[in-house]
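Next comes work-v2.csv, a file with CSV, C-alpha atoms.
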chain,number,residue,atom,x,y,z
A,4,PHE,CA,94.2,116.8,113.9
A,5,PHE,CA,95.7,120.1,114.9
A,6,SER,CA,93.7,120.2,118.1
A,7,ARG,CA,94.3,116.6,119.2
A,8,ARG,CA,98.1,116.5,118.4
A,9,LEU,CA,98.9,119.9,119.7
A,10,ARG,CA,96.8,119.7,122.8
A,11,LYS,CA,98.8,116.6,123.8
A,12,HIS,CA,101.9,118.8,124.0
A,13,GLY,CA,100.1,121.7,125.7
A,14,PHE,CA,99.3,123.8,122.7
A,15,MET,CA,96.0,125.3,121.6
A,16,ARG,CA,94.4,124.9,125.0
A,17,ALA,CA,91.7,127.4,124.0
A,18,PHE,CA,90.1,125.0,121.6
A,19,ALA,CA,87.9,122.2,122.8
A,20,THR,CA,87.4,120.2,119.6
A,21,PRO,CA,88.9,120.0,116.1
A,22,ALA,CA,85.7,121.4,114.8
A,23,LEU,CA,85.9,124.5,116.9
A,24,LEU,CA,89.6,124.9,116.0
A,25,LEU,CA,89.0,124.6,112.2
A,26,PHE,CA,86.0,127.0,112.5
A,27,SER,CA,88.3,129.6,114.2
A,28,ILE,CA,91.1,129.1,111.7
A,29,GLN,CA,88.7,129.2,108.7
A,30,ALA,CA,87.2,132.4,110.0
A,31,ALA,CA,90.7,133.9,110.3
A,32,ALA,CA,91.6,132.7,106.9
A,33,ASP,CA,88.4,134.3,105.4
A,34,ALA,CA,89.4,137.6,106.8
A,35,ALA,CA,93.1,137.3,106.0
A,36,THR,CA,95.0,138.8,103.1
A,37,LEU,CA,98.4,137.4,102.3
A,38,ARG,CA,101.0,140.1,102.2
A,39,THR,CA,103.3,137.8,100.3
A,40,PRO,CA,102.7,134.4,98.7
A,41,PHE,CA,102.9,131.4,101.1
A,42,PRO,CA,106.1,129.4,100.6
A,43,VAL,CA,105.6,125.7,99.8
A,44,PHE,CA,108.4,123.2,99.5
A,45,TYR,CA,107.9,120.1,97.4
A,46,SER,CA,110.0,117.6,95.4
A,47,PRO,CA,108.0,115.4,92.9
A,48,SER,CA,109.4,111.9,92.4
A,49,THR,CA,107.5,111.3,89.1
A,50,PRO,CA,106.1,113.4,86.3
A,51,ASP,CA,102.6,112.1,87.1
A,52,ARG,CA,102.8,113.2,90.8
A,53,ALA,CA,104.3,116.6,89.7
A,54,SER,CA,101.3,117.2,87.4
A,55,ARG,CA,98.7,116.2,90.0
A,56,LEU,CA,100.3,118.4,92.6
A,57,ALA,CA,100.6,121.3,90.2
A,58,ALA,CA,96.9,121.0,89.3
A,59,TRP,CA,95.5,121.6,92.7
A,60,LEU,CA,98.1,124.1,93.7
A,61,SER,CA,97.2,126.2,90.6
A,62,ALA,CA,93.8,126.8,92.1
A,63,ALA,CA,95.4,129.4,94.5
A,64,ALA,CA,97.6,130.8,91.7
A,65,GLY,CA,99.7,133.6,93.0
A,66,ASP,CA,99.1,132.9,96.7
A,67,TRP,CA,101.8,130.1,96.7
A,68,CYS,CA,105.5,130.7,96.3
A,69,HIS,CA,106.9,127.5,94.9
A,70,ALA,CA,110.2,126.2,96.4
A,71,LEU,CA,110.9,123.2,94.2
A,72,LEU,CA,113.7,121.0,95.5
A,73,PRO,CA,115.5,118.2,93.6
A,74,PRO,CA,113.9,114.8,93.8
A,75,VAL,CA,114.9,112.3,96.5
A,76,PHE,CA,114.9,108.6,95.8
A,77,PRO,CA,115.3,105.6,98.2
A,78,GLN,CA,118.5,104.5,96.4
A,79,ASP,CA,120.1,107.8,97.5
A,80,PHE,CA,120.5,106.4,101.0
A,81,ALA,CA,122.5,103.7,102.8
A,82,VAL,CA,121.2,102.1,105.9
A,83,THR,CA,123.7,100.3,108.2
A,84,TRP,CA,123.2,98.4,111.4
A,85,SER,CA,125.4,96.0,113.4
A,86,PRO,CA,123.3,93.1,114.9
A,87,THR,CA,123.9,93.9,118.5
A,88,ALA,CA,121.3,95.0,121.1
A,89,ASP,CA,122.8,98.5,121.5
A,90,SER,CA,123.9,99.2,117.9
A,91,PRO,CA,122.3,102.3,116.4
A,92,VAL,CA,120.8,102.3,112.9
A,93,ARG,CA,122.6,104.8,110.7
A,94,MET,CA,121.1,106.4,107.6
A,95,ALA,CA,123.5,108.2,105.3
A,96,ASN,CA,123.7,109.8,101.9
A,97,SER,CA,125.0,106.9,99.7
A,98,THR,CA,127.0,109.2,97.5
A,99,THR,CA,128.7,111.5,99.9
A,100,GLY,CA,128.5,109.4,103.1
A,101,GLU,CA,127.0,112.3,105.0
A,102,SER,CA,125.2,111.1,108.1
A,103,LEU,CA,121.5,112.1,108.0
A,104,PHE,CA,119.8,110.2,110.8
A,105,ILE,CA,120.9,108.0,113.7
A,106,VAL,CA,118.2,105.9,115.4
A,107,ARG,CA,119.1,104.5,118.8
A,108,PRO,CA,117.5,101.7,120.7
A,109,PRO,CA,115.0,100.7,121.8
A,110,PHE,CA,113.9,99.9,118.3
A,111,GLY,CA,110.6,98.0,118.8
A,112,ARG,CA,109.3,96.8,115.5
A,113,LEU,CA,112.3,98.1,113.6
A,114,GLY,CA,114.7,95.9,115.7
A,115,LYS,CA,112.7,92.8,114.9
A,116,GLN,CA,112.7,93.6,111.2
A,117,MET,CA,116.4,94.2,111.1
A,118,GLU,CA,117.1,90.9,112.9
A,119,THR,CA,115.0,89.1,110.4
A,120,VAL,CA,116.5,90.5,107.3
A,121,LEU,CA,120.0,89.9,108.6
A,122,ARG,CA,119.2,86.3,109.7
A,123,LEU,CA,118.0,85.6,106.2
A,124,GLY,CA,121.1,87.2,104.7
A,125,ARG,CA,119.2,90.0,103.1
A,126,SER,CA,119.9,93.7,103.0
A,127,PRO,CA,118.2,96.3,105.3
A,128,ARG,CA,117.0,97.8,102.0
A,129,ASN,CA,114.4,94.9,101.9
A,130,ILE,CA,112.5,96.4,104.9
A,131,GLU,CA,109.2,97.7,103.4
A,132,SER,CA,107.5,99.1,106.4
A,133,SER,CA,108.3,101.0,109.7
A,134,PHE,CA,110.3,104.2,109.7
A,135,SER,CA,113.3,102.6,108.2
A,136,ALA,CA,111.6,101.6,104.9
A,137,ALA,CA,113.4,103.1,102.0
A,138,HIS,CA,110.6,105.4,100.9
A,139,LYS,CA,110.2,106.7,104.4
A,140,VAL,CA,113.9,107.4,104.8
A,141,ALA,CA,113.7,109.3,101.5
A,142,ASN,CA,110.7,111.2,102.6
A,143,ALA,CA,112.3,112.1,106.0
A,144,ALA,CA,115.4,113.3,104.2
A,145,PHE,CA,113.2,115.6,102.0
A,146,HIS,CA,111.6,117.1,105.0
A,147,LEU,CA,115.0,117.6,106.7
A,148,ARG,CA,116.4,119.2,103.5
A,149,ALA,CA,113.4,121.6,103.2
A,150,GLN,CA,113.7,122.6,106.9
A,151,GLN,CA,117.4,123.2,106.4
A,152,CYS,CA,116.7,125.3,103.4
A,153,PHE,CA,114.1,127.4,105.3
A,154,ALA,CA,116.5,127.9,108.2
A,155,ALA,CA,119.4,128.9,105.8
A,156,ARG,CA,117.1,131.1,103.7
A,157,CYS,CA,118.4,129.2,100.7
A,158,HIS,CA,115.5,129.9,98.3
A,159,PRO,CA,114.0,133.2,97.1
A,160,CYS,CA,110.6,132.2,98.6
A,161,VAL,CA,112.0,132.2,102.1
A,162,ALA,CA,114.9,134.7,101.6
A,163,SER,CA,113.2,137.5,103.5
A,164,PRO,CA,113.5,137.4,107.4
A,165,ASP,CA,109.8,138.5,107.3
A,166,VAL,CA,108.8,135.0,106.1
A,167,LEU,CA,108.0,133.1,109.3
A,168,TRP,CA,106.2,130.1,107.9
A,169,ALA,CA,106.4,127.6,105.0
A,170,ALA,CA,104.5,124.5,104.0
A,171,ILE,CA,106.4,121.2,103.2
A,172,PHE,CA,104.3,119.0,101.0
A,173,GLU,CA,105.0,115.4,100.1
A,174,ASP,CA,104.5,114.8,96.4
A,175,ASP,CA,101.3,112.8,96.9
A,176,VAL,CA,99.6,115.5,98.9
A,177,ALA,CA,96.1,116.2,97.4
A,178,PHE,CA,93.3,118.6,98.2
A,179,VAL,CA,90.1,116.7,98.4
A,180,PRO,CA,86.9,118.8,98.0
A,181,GLY,CA,84.4,118.0,100.7
A,182,TYR,CA,87.0,116.5,103.0
A,183,SER,CA,89.9,118.9,103.2
A,184,PRO,CA,89.2,122.1,105.1
A,185,GLY,CA,88.1,125.2,103.1
A,186,ALA,CA,88.8,125.4,99.4
A,187,ALA,CA,91.9,124.8,97.4
A,188,ARG,CA,92.0,128.4,96.2
A,189,ASP,CA,92.0,129.6,99.9
A,190,PHE,CA,94.4,127.0,101.2
A,191,PRO,CA,97.5,129.3,101.5
A,192,ARG,CA,95.5,131.7,103.6
A,193,LEU,CA,94.1,128.8,105.7
A,194,LEU,CA,97.7,127.7,106.4
A,195,ALA,CA,98.8,131.2,107.3
A,196,ALA,CA,96.0,131.5,109.7
A,197,ALA,CA,96.6,128.1,111.2
A,198,ALA,CA,100.3,128.9,111.7
A,199,THR,CA,99.5,132.3,113.3
A,200,THR,CA,96.9,130.6,115.6
A,201,ALA,CA,99.4,127.9,116.7
A,202,ALA,CA,102.1,130.4,117.3
A,203,THR,CA,100.1,132.2,120.0
A,204,ASP,CA,100.5,129.0,122.2
A,205,GLY,CA,104.1,128.4,121.3
A,206,ALA,CA,103.8,125.8,118.5
A,207,ASN,CA,106.3,126.0,115.7
A,208,LYS,CA,105.3,123.0,113.6
A,209,LEU,CA,101.9,121.6,112.5

Mind converting the file's structure to structure tokens?
Amino acid sequence: FFSRRLRKHGFMRAFATPALLLFSIQAAADAATLRTPFPVFYSPSTPDRASRLAAWLSAAAGDWCHALLPPVFPQDFAVTWSPTADSPVRMANSTTGESLFIVRPPFGRLGKQMETVLRLGRSPRNIESSFSAAHKVANAAFHLRAQQCFAARCHPCVASPDVLWAAIFEDDVAFVPGYSPGAARDFPRLLAAAATTAATDGANKL
């Protein structure tokens, strides 16, 4: 994944295949020692998801620094769109009215879905897929908020200017033994090594 996506944008040219990339990163992780715990942002939407996430994060114990953000729910957002060819889709905080995202045409699949729900007299909230689906808007808002927090150094985990990287985990992220790279207890070091490796070619997001 790292190699395919980043190579498309000119990053990680030194790696020919994902397997070689992961081997290199794993080797770096094995040799690495974290100077400070690796920051991880997350925002569980249910107690069950919170417990499952905490269970696998606990394998690395003190190697994570937990930046827990308040939960985000689909009903926290308002989606508005005027049925014209050049009208943008606006996504805002339903309580404060703060504009979060503005999506401009061409819309592709989203445009067809918006036309359908409006023709049927339904709300845009009824869209269940594409990037305008309520749960995806909520998820995007969580990522935005975590990145804003990191940039503003709003949490003790990222307060120091020496903290250059952080993980942003959706609340259903899971470590799957035998499929995920490395081991759960080593995952913070693996992420730190991956970030350092990517930075050498100019990437700032994985």

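Proximity ranking of A:Leu167, A:Leu71, A:Tyr182, A:Ala58 relative to Ala154 (chain A) places A:Leu167 first, based on all atoms listed in the file.
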
Distance of CA of Asp174 (chain A) from CA of Phe80 (chain A), expressed in Å to one decimal place: 18.6 Å

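Shortest atom-to-atom contact with Lys139 (chain A) among A:Gln151, A:Thr119, A:Gln78, A:Ser61: A:Gln78, counting only C-alpha atoms.
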
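Between CA of Ala187 (chain A) and CA of Trp59 (chain A) lies a distance of 6.7 Å.
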
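For the residues A:Asp51, A:Glu173, A:Asp66, A:Asp79, ranking by smallest atom-to-atom distance to Pro191 (chain A) using only C-alpha atoms places A:Asp66 first.
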
Nearby residues, (112.8, 118.2, 95.1) file frame, 6 Å, all atoms listed in the file, as an NGL selection string: :A and (45-47 or 71-74)

Distance query Ala198 (chain A) at most 8 Å, all atoms listed in the file, self and fewer than 4 positions along chain excluded, as number ranges by chain: A: 168, 194, 202, 207-209

Determine, counting only C-alpha atoms, which protein, DNA and RNA residues have an atom within 8 Å of an atom of Ala81 (chain A); residues of the same chain fewer than 3 positions away are not included. Present the result as a compact mmCIF listing (two decimals) with C-alpha atoms, in the frame of the given file.
# COMPACT_ATOMS: atom_id res chain seq x y z
CA GLN A 78 118.50 104.50 96.40
CA ARG A 93 122.60 104.80 110.70
CA MET A 94 121.10 106.40 107.60
CA ALA A 95 123.50 108.20 105.30
CA ASN A 96 123.70 109.80 101.90
CA SER A 97 125.00 106.90 99.70

Close residues, Phe76 (chain A) itself excluded, 9 Å, only C-alpha atoms, min 3 positions apart in chain, as a PyMOL selection string: chain A and resi 48+79-80+137-138+141-142

Length of the CA of Val106 (chain A) to CA of Val92 (chain A) vector [Å]: 5.1 Å
